>>> print(open('protein09.cif').read())   # mmCIF, C-alpha atoms
data_coords
#
loop_
_atom_site.group_PDB
_atom_site.id
_atom_site.type_symbol
_atom_site.label_atom_id
_atom_site.label_comp_id
_atom_site.auth_asym_id
_atom_site.auth_seq_id
_atom_site.Cartn_x
_atom_site.Cartn_y
_atom_site.Cartn_z
ATOM 1 C CA MET A 50 -78.012 179.095 212.221
ATOM 2 C CA ILE A 51 -80.000 176.543 210.225
ATOM 3 C CA VAL A 52 -78.775 173.417 212.010
ATOM 4 C CA GLY A 53 -77.790 175.156 215.258
ATOM 5 C CA LYS A 54 -74.031 174.533 215.175
ATOM 6 C CA ASN A 55 -72.831 177.994 214.119
ATOM 7 C CA ALA A 56 -71.979 179.161 217.645
ATOM 8 C CA SER A 57 -69.957 176.073 218.528
ATOM 9 C CA MET A 58 -67.841 176.189 215.363
ATOM 10 C CA GLY A 59 -65.108 178.706 214.629
ATOM 11 C CA ALA A 60 -64.846 180.915 211.570
ATOM 12 C CA VAL A 61 -62.469 178.570 209.756
ATOM 13 C CA ALA A 62 -64.719 175.567 210.381
ATOM 14 C CA ASN A 63 -67.714 177.527 209.056
ATOM 15 C CA ILE A 64 -65.822 178.439 205.895
ATOM 16 C CA ILE A 65 -64.666 174.860 205.330
ATOM 17 C CA THR A 66 -68.200 173.594 205.939
ATOM 18 C CA GLY A 67 -69.535 176.012 203.339
ATOM 19 C CA ILE A 68 -66.966 175.025 200.732
ATOM 20 C CA VAL A 69 -67.328 171.264 201.251
ATOM 21 C CA GLY A 70 -71.108 171.643 201.460
ATOM 22 C CA SER A 71 -71.215 173.444 198.135
ATOM 23 C CA PHE A 72 -69.384 170.553 196.493
ATOM 24 C CA ILE A 73 -71.749 168.048 198.099
ATOM 25 C CA GLY A 74 -74.808 170.064 197.057
ATOM 26 C CA GLY A 75 -73.546 170.459 193.499
ATOM 27 C CA PHE A 76 -72.774 166.765 193.235
ATOM 28 C CA ILE A 77 -76.199 165.736 194.516
ATOM 29 C CA ALA A 78 -78.049 168.281 192.381
ATOM 30 C CA SER A 79 -76.299 167.394 189.149
ATOM 31 C CA ASN A 80 -76.074 163.603 189.558
ATOM 32 C CA PHE A 81 -79.160 162.577 191.489
ATOM 33 C CA LEU A 82 -81.732 165.332 190.984
ATOM 34 C CA GLY A 83 -81.071 165.801 187.289
ATOM 35 C CA ALA A 84 -80.577 169.530 187.748
ATOM 36 C CA GLY A 85 -78.347 171.415 185.392
ATOM 37 C CA LYS A 86 -74.714 172.051 186.083
ATOM 38 C CA VAL A 87 -74.109 174.708 188.714
ATOM 39 C CA SER A 88 -72.032 177.500 187.207
ATOM 40 C CA GLY A 89 -71.396 180.997 188.410
ATOM 41 C CA PHE A 90 -72.955 182.689 191.385
ATOM 42 C CA ASN A 91 -76.717 183.046 191.337
ATOM 43 C CA LEU A 92 -79.652 182.233 193.604
ATOM 44 C CA TYR A 93 -79.820 178.620 192.378
ATOM 45 C CA SER A 94 -76.162 177.899 193.146
ATOM 46 C CA PHE A 95 -76.449 179.657 196.510
ATOM 47 C CA LEU A 96 -79.425 177.486 197.528
ATOM 48 C CA ILE A 97 -77.635 174.335 196.357
ATOM 49 C CA ALA A 98 -74.594 175.279 198.468
ATOM 50 C CA ILE A 99 -76.772 175.873 201.534
ATOM 51 C CA ALA A 100 -78.537 172.540 201.040
ATOM 52 C CA GLY A 101 -75.196 170.753 200.719
ATOM 53 C CA SER A 102 -73.881 172.405 203.878
ATOM 54 C CA VAL A 103 -76.993 171.397 205.806
ATOM 55 C CA ILE A 104 -76.590 167.808 204.599
ATOM 56 C CA LEU A 105 -72.929 167.852 205.659
ATOM 57 C CA LEU A 106 -73.770 169.205 209.122
ATOM 58 C CA LEU A 107 -76.527 166.634 209.612
ATOM 59 C CA ILE A 108 -74.094 163.840 208.735
ATOM 60 C CA VAL A 109 -71.424 165.223 211.077
ATOM 61 C CA ASN A 110 -73.953 165.590 213.912
ATOM 62 C CA ALA A 111 -75.180 162.013 213.401
ATOM 63 C CA VAL A 112 -71.631 160.653 213.526
ATOM 64 C CA LYS A 113 -70.708 162.700 216.614
ATOM 65 C CA ARG A 114 -73.730 161.437 218.568
ATOM 66 C CA ARG A 115 -72.546 157.843 218.351
#
>>> encode(input="protein09.cif", output="structure tokens")
Amino acid sequence: MIVGKNASMGAVANIITGIVGSFIGGFIASNFLGAGKVSGFNLYSFLIAIAGSVILLLIVNAVKRR
């Protein structure tokens, strides 16, 4: 939906992308942006997870193009 790969990926791949993306987003937010630790489910953690998933999809798309 955001990156345009939702239709070409299956449900399991979307779930895995979301989980891995949330770890990536949390790592980047806490280590590089100086944001507080992500804990619990709230709007902040949801946005961090979406940002991490977008970063993951952009990396995967860049690697697949080569």
>>> atom_distance(input="protein09.cif", atom1="atom CA of Ala62 of chain A", atom2="atom CA of Ser79 of chain A")
25.5 Å
>>> atom_distance(input="protein09.cif", atom1="atom CA of Asn63 of chain A", atom2="atom CA of Leu106 of chain A")
10.3 Å
>>> atom_distance(input="protein09.cif", atom1="atom CA of Leu92 of chain A", atom2="atom CA of Phe72 of chain A")
15.8 Å
>>> residues_around(input="protein09.cif", residues="Ile108 of chain A", least_positions_apart="4", cutoff="12 Å", atoms="all atoms listed in the file", output="mmCIF file with C-alpha atoms, in the frame of the given file")
data_model
loop_
_atom_site.group_PDB
_atom_site.id
_atom_site.type_symbol
_atom_site.label_atom_id
_atom_site.label_comp_id
_atom_site.auth_asym_id
_atom_site.auth_seq_id
_atom_site.Cartn_x
_atom_site.Cartn_y
_atom_site.Cartn_z
ATOM 1 C CA VAL A 52 -78.775 173.417 212.010
ATOM 2 C CA THR A 66 -68.200 173.594 205.939
ATOM 3 C CA GLY A 70 -71.108 171.643 201.460
ATOM 4 C CA ILE A 73 -71.749 168.048 198.099
ATOM 5 C CA GLY A 101 -75.196 170.753 200.719
ATOM 6 C CA SER A 102 -73.881 172.405 203.878
ATOM 7 C CA VAL A 103 -76.993 171.397 205.806
ATOM 8 C CA ILE A 104 -76.590 167.808 204.599
ATOM 9 C CA VAL A 112 -71.631 160.653 213.526
ATOM 10 C CA LYS A 113 -70.708 162.700 216.614
ATOM 11 C CA ARG A 114 -73.730 161.437 218.568
ATOM 12 C CA ARG A 115 -72.546 157.843 218.351
#
>>> decode(input="protein09.cif", residues="segment 67-78 of chain A", atoms="all heavy atoms", output="short mmCIF file (atom, residue, chain, number, x, y, z; two decimals), in the first residue's frame")
data_model
loop_
_atom_site.label_atom_id
_atom_site.label_comp_id
_atom_site.auth_asym_id
_atom_site.auth_seq_id
_atom_site.Cartn_x
_atom_site.Cartn_y
_atom_site.Cartn_z
N GLY A 67 6.08 -7.00 8.40
CA GLY A 67 5.67 -6.15 9.51
C GLY A 67 6.46 -6.41 10.78
O GLY A 67 6.87 -5.48 11.47
N ILE A 68 6.69 -7.67 11.08
CA ILE A 68 7.42 -8.02 12.29
C ILE A 68 8.88 -7.60 12.19
O ILE A 68 9.41 -6.94 13.10
CB ILE A 68 7.30 -9.54 12.57
CG1 ILE A 68 5.86 -9.88 12.94
CG2 ILE A 68 8.27 -9.97 13.67
CD1 ILE A 68 5.58 -11.36 12.99
N VAL A 69 9.53 -7.94 11.08
CA VAL A 69 10.94 -7.57 10.90
C VAL A 69 11.07 -6.05 10.82
O VAL A 69 11.99 -5.45 11.38
CB VAL A 69 11.54 -8.26 9.66
CG1 VAL A 69 12.93 -7.77 9.36
CG2 VAL A 69 11.54 -9.77 9.85
N GLY A 70 10.13 -5.41 10.14
CA GLY A 70 10.14 -3.95 10.03
C GLY A 70 9.99 -3.26 11.36
O GLY A 70 10.60 -2.21 11.61
N SER A 71 9.19 -3.84 12.25
CA SER A 71 9.05 -3.23 13.58
C SER A 71 10.34 -3.30 14.37
O SER A 71 10.69 -2.37 15.09
CB SER A 71 7.91 -3.89 14.35
OG SER A 71 8.21 -5.23 14.65
N PHE A 72 11.08 -4.39 14.22
CA PHE A 72 12.38 -4.49 14.88
C PHE A 72 13.37 -3.47 14.29
O PHE A 72 14.11 -2.82 15.03
CB PHE A 72 12.96 -5.90 14.76
CG PHE A 72 12.33 -6.88 15.70
CD1 PHE A 72 11.53 -7.89 15.21
CD2 PHE A 72 12.53 -6.80 17.07
CE1 PHE A 72 10.94 -8.81 16.06
CE2 PHE A 72 11.95 -7.70 17.94
CZ PHE A 72 11.15 -8.72 17.43
N ILE A 73 13.37 -3.35 12.97
CA ILE A 73 14.25 -2.39 12.32
C ILE A 73 13.91 -0.97 12.75
O ILE A 73 14.78 -0.17 13.10
CB ILE A 73 14.18 -2.53 10.79
CG1 ILE A 73 14.80 -3.85 10.36
CG2 ILE A 73 14.87 -1.36 10.09
CD1 ILE A 73 14.60 -4.18 8.89
N GLY A 74 12.62 -0.63 12.73
CA GLY A 74 12.19 0.70 13.15
C GLY A 74 12.52 1.00 14.59
O GLY A 74 12.98 2.10 14.92
N GLY A 75 12.31 0.04 15.47
CA GLY A 75 12.65 0.23 16.88
C GLY A 75 14.13 0.40 17.10
O GLY A 75 14.57 1.23 17.91
N PHE A 76 14.93 -0.37 16.37
CA PHE A 76 16.38 -0.25 16.48
C PHE A 76 16.85 1.12 16.02
O PHE A 76 17.64 1.77 16.70
CB PHE A 76 17.04 -1.36 15.65
CG PHE A 76 18.54 -1.29 15.66
CD1 PHE A 76 19.26 -1.76 16.75
CD2 PHE A 76 19.23 -0.76 14.58
CE1 PHE A 76 20.65 -1.70 16.76
CE2 PHE A 76 20.61 -0.69 14.58
CZ PHE A 76 21.32 -1.16 15.67
N ILE A 77 16.36 1.56 14.87
CA ILE A 77 16.77 2.86 14.35
C ILE A 77 16.31 3.99 15.26
O ILE A 77 17.06 4.93 15.54
CB ILE A 77 16.24 3.05 12.91
CG1 ILE A 77 16.98 2.10 11.97
CG2 ILE A 77 16.39 4.49 12.44
CD1 ILE A 77 16.41 2.05 10.57
N ALA A 78 15.07 3.91 15.73
CA ALA A 78 14.53 4.98 16.57
C ALA A 78 15.27 5.09 17.90
O ALA A 78 15.57 6.20 18.36
CB ALA A 78 13.05 4.75 16.83
#
